[in-house]
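Single-structure report; data block below.
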Amino acid sequence: MWQEYLFPASVQEALEMLVSYKGEARIVAGGTDLILELKEGKRRVKALVDITRIPGLDEIELKEGMIVLGAGVTHRQAWESPLVRERAAVLAEACHAIGSPQIRNVGTIVGNVVNAQPAADAAIALTALEAELEVADLDGRRWIPIGELYEGPGRSKVDPTRQMVTAVRFPALRPGQGSAFERLAKRRALALPILNTAVVVGLEGDDRAFVEARIALGPVAPTPFRARQAEKALHSAPIGEESIAKAAEIASREAKPRTSLLRASEEYRREMIKVLVRRALRRALEEAQGR
């Protein structure tokens, strides 16, 4: 499957290793998807570059109002982090919904994004949080909005032969803001969900109207989807069931789910989008009012 397994001591060394193999090396951290692809013969490489020993990549920090997670942070770490639970509950909930305990123990949040699946739970939460990812190559580093990193299902714009994502960051939720994650999946299944949604809401000082709303959905498009029209409908709308129901209806109409043997009919999924969005908005609203 591979000939060499390498342990760089720094990001710079990891990038140099990638380039030296001229497209035949890949970064590995959790490896929950990559190792399976290699075993099944879907991908071939000469070397794996394991970044788990690079100092600092497994840290979660609050910096100038931004939560920053290193590329090695696992789903379990995010779920157990008091900072993430308090200031980005939607991500903690999404990470707790992923796979099995074994997968959450080793799978990384950054890997969840780079694999570019439109239903990836952590990626949907990060989309609602308007996260950015730090992409590094031998020319330097730059922060890129999460929505700009997708080309299509399973296709990331990060070039795995010469680039690596070193961190993800997003604004920590403030007083008057709340978030929530909802998921629909088959019972006792560890596969990707039938549907999921992540929302972030903000309230005006008197808690009488929405001042902002972000609604991310998956998999209802080739990439993680923002229900922009539903978000617009909530802006300045009075708090209450009528506003929530209207936004859920709009989100269902603007999403683009398709009939799938694995994920049910388009009609069923549109109806369930309404249910998930309503649930998530109610819970996010409760958190915002209590923060």
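By convention in this document, the chains of the structure tokens carry letters A, B, ... by their order, each chain's residues are numbered from 1, and ligands are numbered from 1 in the order they are shown.
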Report as CSV: every residue of stretch 39-129 of chain A with an atom at most 8 Å from stretch 140-161 of chain A, its closest pair of atoms, and their distance in Å to one decimal, counting only C-alpha atoms, with rows sorted by chain and ascending residue number.
residue,atom,partner,partner_atom,distance
A:Val114,CA,A:Ser156,CA,5.9
A:Asn115,CA,A:Gly154,CA,5.7
A:Ala116,CA,A:Gly154,CA,4.6
A:Gln117,CA,A:Gly154,CA,5.1
A:Pro118,CA,A:Pro153,CA,6.2
A:Leu126,CA,A:Ile146,CA,7.6
A:Thr127,CA,A:Ile146,CA,6.5
Worksheet item: Out of stretch 156-196 of chain A, which residues get strand (DSSP E or B) from DSSP, as number ranges by chain?
Response: A: 156, 164-171, 177-184, 195-196
Dump of C-alpha atoms for the selected residues, as a tab-separated table (two decimals), in the first residue's frame:
chain	number	residue	atom	x	y	z
A	156	SER	CA	-11.09	19.52	-2.24
A	164	MET	CA	-1.59	20.82	4.04
A	165	VAL	CA	-4.18	22.45	6.27
A	166	THR	CA	-2.56	23.44	9.55
A	167	ALA	CA	-5.50	24.94	11.48
A	168	VAL	CA	-9.13	25.99	11.43
A	169	ARG	CA	-10.54	29.09	13.13
A	170	PHE	CA	-13.91	30.79	13.64
A	171	PRO	CA	-15.40	33.50	15.88
A	177	GLN	CA	-25.73	34.19	20.08
A	178	GLY	CA	-26.63	30.49	20.08
A	179	SER	CA	-26.06	27.40	17.96
A	180	ALA	CA	-27.31	23.86	17.46
A	181	PHE	CA	-26.78	20.77	15.32
A	182	GLU	CA	-29.39	18.25	14.20
A	183	ARG	CA	-28.94	15.00	12.29
A	184	LEU	CA	-31.10	12.36	10.61
A	195	LEU	CA	-29.53	14.86	6.39
A	196	ASN	CA	-27.90	17.22	8.84
Discussion item. Can you pull out the residues contacting stretch 23-29 of chain A? Cut-off 6 Å, using only C-alpha atoms, and skip same-chain residues under 4 positions away; I want them as a count of residues only.
Written reply: 10
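Among the candidates A:Pro101, A:Phe7, A:Lys22, A:Ile109, the one nearest to A:Pro55 when counting only C-alpha atoms is A:Phe7.
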Item to complete: Pull the helix (DSSP H, G or I) assignments for stretch 142-245 of chain A out of DSSP run on the backbone, and list those residues as a PyMOL selection string.
Response: chain A and resi 146-149+228-234+241-245
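Atom CA of A:Glu37 lies 27.1 Å from atom CA of A:Glu93.
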Item to complete: With a distance cut-off of 9 Å and only C-alpha atoms, select the neighbouring residues of stretch 59-62 of chain A, excluding the residue or stretch itself and same-chain residues fewer than 3 positions from it, and output the selection as a PyMOL selection string.
Response: chain A and resi 55-56+65-73+77-78+81+83-84+172
Keeping only N, CA and C atoms, take the residues you just selected and write them out as a PDB file, in the first residue's frame.
ATOM      1  N   PRO A  55       4.547  19.507  17.071  1.00  0.00           N
ATOM      2  CA  PRO A  55       4.060  20.221  18.258  1.00  0.00           C
ATOM      3  C   PRO A  55       3.002  21.270  17.897  1.00  0.00           C
ATOM      4  N   GLY A  56       1.964  21.330  18.726  1.00  0.00           N
ATOM      5  CA  GLY A  56       0.953  22.380  18.595  1.00  0.00           C
ATOM      6  C   GLY A  56      -0.238  22.048  17.724  1.00  0.00           C
ATOM      7  N   GLY A  65     -10.687  36.444  20.397  1.00  0.00           N
ATOM      8  CA  GLY A  65     -12.077  36.189  20.085  1.00  0.00           C
ATOM      9  C   GLY A  65     -12.315  35.074  19.087  1.00  0.00           C
ATOM     10  N   MET A  66     -11.260  34.426  18.619  1.00  0.00           N
ATOM     11  CA  MET A  66     -11.378  33.329  17.651  1.00  0.00           C
ATOM     12  C   MET A  66     -10.984  32.017  18.322  1.00  0.00           C
ATOM     13  N   ILE A  67     -11.765  30.980  18.080  1.00  0.00           N
ATOM     14  CA  ILE A  67     -11.381  29.636  18.493  1.00  0.00           C
ATOM     15  C   ILE A  67     -10.526  29.038  17.386  1.00  0.00           C
ATOM     16  N   VAL A  68      -9.350  28.582  17.745  1.00  0.00           N
ATOM     17  CA  VAL A  68      -8.397  28.030  16.776  1.00  0.00           C
ATOM     18  C   VAL A  68      -8.120  26.577  17.141  1.00  0.00           C
ATOM     19  N   LEU A  69      -8.316  25.684  16.175  1.00  0.00           N
ATOM     20  CA  LEU A  69      -8.058  24.263  16.372  1.00  0.00           C
ATOM     21  C   LEU A  69      -6.962  23.824  15.412  1.00  0.00           C
ATOM     22  N   GLY A  70      -5.953  23.158  15.942  1.00  0.00           N
ATOM     23  CA  GLY A  70      -4.887  22.642  15.101  1.00  0.00           C
ATOM     24  C   GLY A  70      -5.353  21.495  14.240  1.00  0.00           C
ATOM     25  N   ALA A  71      -4.560  21.190  13.212  1.00  0.00           N
ATOM     26  CA  ALA A  71      -4.939  20.157  12.243  1.00  0.00           C
ATOM     27  C   ALA A  71      -5.039  18.773  12.861  1.00  0.00           C
ATOM     28  N   GLY A  72      -4.440  18.561  14.012  1.00  0.00           N
ATOM     29  CA  GLY A  72      -4.482  17.256  14.643  1.00  0.00           C
ATOM     30  C   GLY A  72      -5.585  17.082  15.667  1.00  0.00           C
ATOM     31  N   VAL A  73      -6.406  18.108  15.875  1.00  0.00           N
ATOM     32  CA  VAL A  73      -7.476  18.014  16.871  1.00  0.00           C
ATOM     33  C   VAL A  73      -8.519  16.998  16.417  1.00  0.00           C
ATOM     34  N   GLN A  77     -11.682  15.345  21.038  1.00  0.00           N
ATOM     35  CA  GLN A  77     -11.145  16.526  21.709  1.00  0.00           C
ATOM     36  C   GLN A  77     -12.120  17.693  21.638  1.00  0.00           C
ATOM     37  N   ALA A  78     -12.693  17.918  20.472  1.00  0.00           N
ATOM     38  CA  ALA A  78     -13.629  19.030  20.305  1.00  0.00           C
ATOM     39  C   ALA A  78     -14.875  18.816  21.156  1.00  0.00           C
ATOM     40  N   SER A  81     -13.998  19.486  24.804  1.00  0.00           N
ATOM     41  CA  SER A  81     -13.414  20.786  25.120  1.00  0.00           C
ATOM     42  C   SER A  81     -14.441  21.726  25.767  1.00  0.00           C
ATOM     43  N   LEU A  83     -14.187  24.874  26.104  1.00  0.00           N
ATOM     44  CA  LEU A  83     -14.244  26.067  25.269  1.00  0.00           C
ATOM     45  C   LEU A  83     -15.183  25.861  24.091  1.00  0.00           C
ATOM     46  N   VAL A  84     -15.054  24.749  23.392  1.00  0.00           N
ATOM     47  CA  VAL A  84     -15.907  24.484  22.232  1.00  0.00           C
ATOM     48  C   VAL A  84     -17.356  24.292  22.675  1.00  0.00           C
ATOM     49  N   ALA A 172     -15.655  32.867  18.203  1.00  0.00           N
ATOM     50  CA  ALA A 172     -16.358  32.268  19.341  1.00  0.00           C
ATOM     51  C   ALA A 172     -17.697  32.979  19.516  1.00  0.00           C
TER      52      ALA A 172
END
Worksheet item: Could you name the residues that touch A:Ile103 at 9 Å or less, counting only C-alpha atoms, but leaving out those on the same chain fewer than 2 positions away, as an MDAnalysis selection string?
Response: chainID A and resid 30 32 75:76 98:101 105:107
Write the residues of the selection above to a file with N, CA and C atoms, as an mmCIF file, in the first residue's frame.
data_model
loop_
_atom_site.group_PDB
_atom_site.id
_atom_site.type_symbol
_atom_site.label_atom_id
_atom_site.label_comp_id
_atom_site.auth_asym_id
_atom_site.auth_seq_id
_atom_site.Cartn_x
_atom_site.Cartn_y
_atom_site.Cartn_z
ATOM 1 N N GLY A 30 -5.513 11.413 11.365
ATOM 2 C CA GLY A 30 -6.355 10.317 11.845
ATOM 3 C C GLY A 30 -6.331 9.140 10.890
ATOM 4 N N THR A 32 -8.692 7.894 9.058
ATOM 5 C CA THR A 32 -9.868 7.017 9.068
ATOM 6 C C THR A 32 -10.445 6.793 7.673
ATOM 7 N N HIS A 75 -12.171 14.627 16.788
ATOM 8 C CA HIS A 75 -13.579 14.879 17.104
ATOM 9 C C HIS A 75 -13.817 14.739 18.606
ATOM 10 N N ARG A 76 -13.165 13.784 19.225
ATOM 11 C CA ARG A 76 -13.348 13.606 20.674
ATOM 12 C C ARG A 76 -12.827 14.827 21.435
ATOM 13 N N ILE A 98 -20.393 11.949 15.032
ATOM 14 C CA ILE A 98 -19.616 11.286 13.994
ATOM 15 C C ILE A 98 -19.248 9.864 14.388
ATOM 16 N N GLY A 99 -19.553 8.922 13.512
ATOM 17 C CA GLY A 99 -19.049 7.558 13.605
ATOM 18 C C GLY A 99 -19.203 6.887 14.953
ATOM 19 N N SER A 100 -18.181 6.157 15.323
ATOM 20 C CA SER A 100 -18.119 5.404 16.568
ATOM 21 C C SER A 100 -17.089 6.054 17.492
ATOM 22 N N PRO A 101 -17.029 5.637 18.781
ATOM 23 C CA PRO A 101 -15.982 6.180 19.656
ATOM 24 C C PRO A 101 -14.577 5.990 19.092
ATOM 25 N N ASN A 105 -12.071 9.074 18.305
ATOM 26 C CA ASN A 105 -10.802 9.153 19.039
ATOM 27 C C ASN A 105 -9.632 9.519 18.141
ATOM 28 N N VAL A 106 -9.678 9.134 16.867
ATOM 29 C CA VAL A 106 -8.527 9.347 15.988
ATOM 30 C C VAL A 106 -8.824 10.270 14.805
ATOM 31 N N GLY A 107 -10.074 10.304 14.341
ATOM 32 C CA GLY A 107 -10.426 11.145 13.202
ATOM 33 C C GLY A 107 -10.326 12.621 13.551
#
Item to complete: Pick out the residues sitting within 7 Å of stretch 274-278 of chain A, and hand them over as a PyMOL selection string; count only C-alpha atoms, and ignore anything fewer than 5 positions along from it in its own chain.
Response: chain A and resi 182+197+244-245+248-249+252
Output the selection as a JSON list (two decimals), in the first residue's frame - C-alpha atoms for each residue.
[["chain", "number", "residue", "atom", "x", "y", "z"],
["A", 182, "GLU", "CA", -29.39, 18.25, 14.20],
["A", 197, "THR", "CA", -28.14, 20.89, 9.68],
["A", 244, "ILE", "CA", -38.97, 29.68, 12.58],
["A", 245, "ALA", "CA", -41.56, 27.78, 10.51],
["A", 248, "ALA", "CA", -37.66, 26.12, 7.67],
["A", 249, "GLU", "CA", -40.07, 26.16, 4.74],
["A", 252, "SER", "CA", -36.58, 23.22, 2.27]]
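Note that atom CA of A:Ala185 and atom CA of A:Glu212 are 28.4 Å apart.
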Worksheet entry | Selection: 6 Å around A:Ala92, only C-alpha atoms, excl. self and same-chain fewer than 3 positions, as a PyMOL selection string | chain A and resi 78-79+85+89+95
Given the selection you just returned, output its residues as a file containing C-alpha atoms, formatted as a tab-separated table (two decimals), in the first residue's frame.
chain	number	residue	atom	x	y	z
A	78	ALA	CA	-13.63	19.03	20.31
A	79	TRP	CA	-16.59	17.29	21.95
A	85	ARG	CA	-18.94	23.38	24.23
A	89	ALA	CA	-21.80	24.12	20.86
A	95	CYS	CA	-18.28	15.97	16.43
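The shortest atom-to-atom distance to A:Leu138, with only C-alpha atoms taken into account, belongs to A:Ala14 out of A:Ala264, A:Met272, A:Ala14, A:Val90.
Of note, atom CA of A:Gly218 and atom CA of A:Ala255 are spaced 9.1 Å apart.
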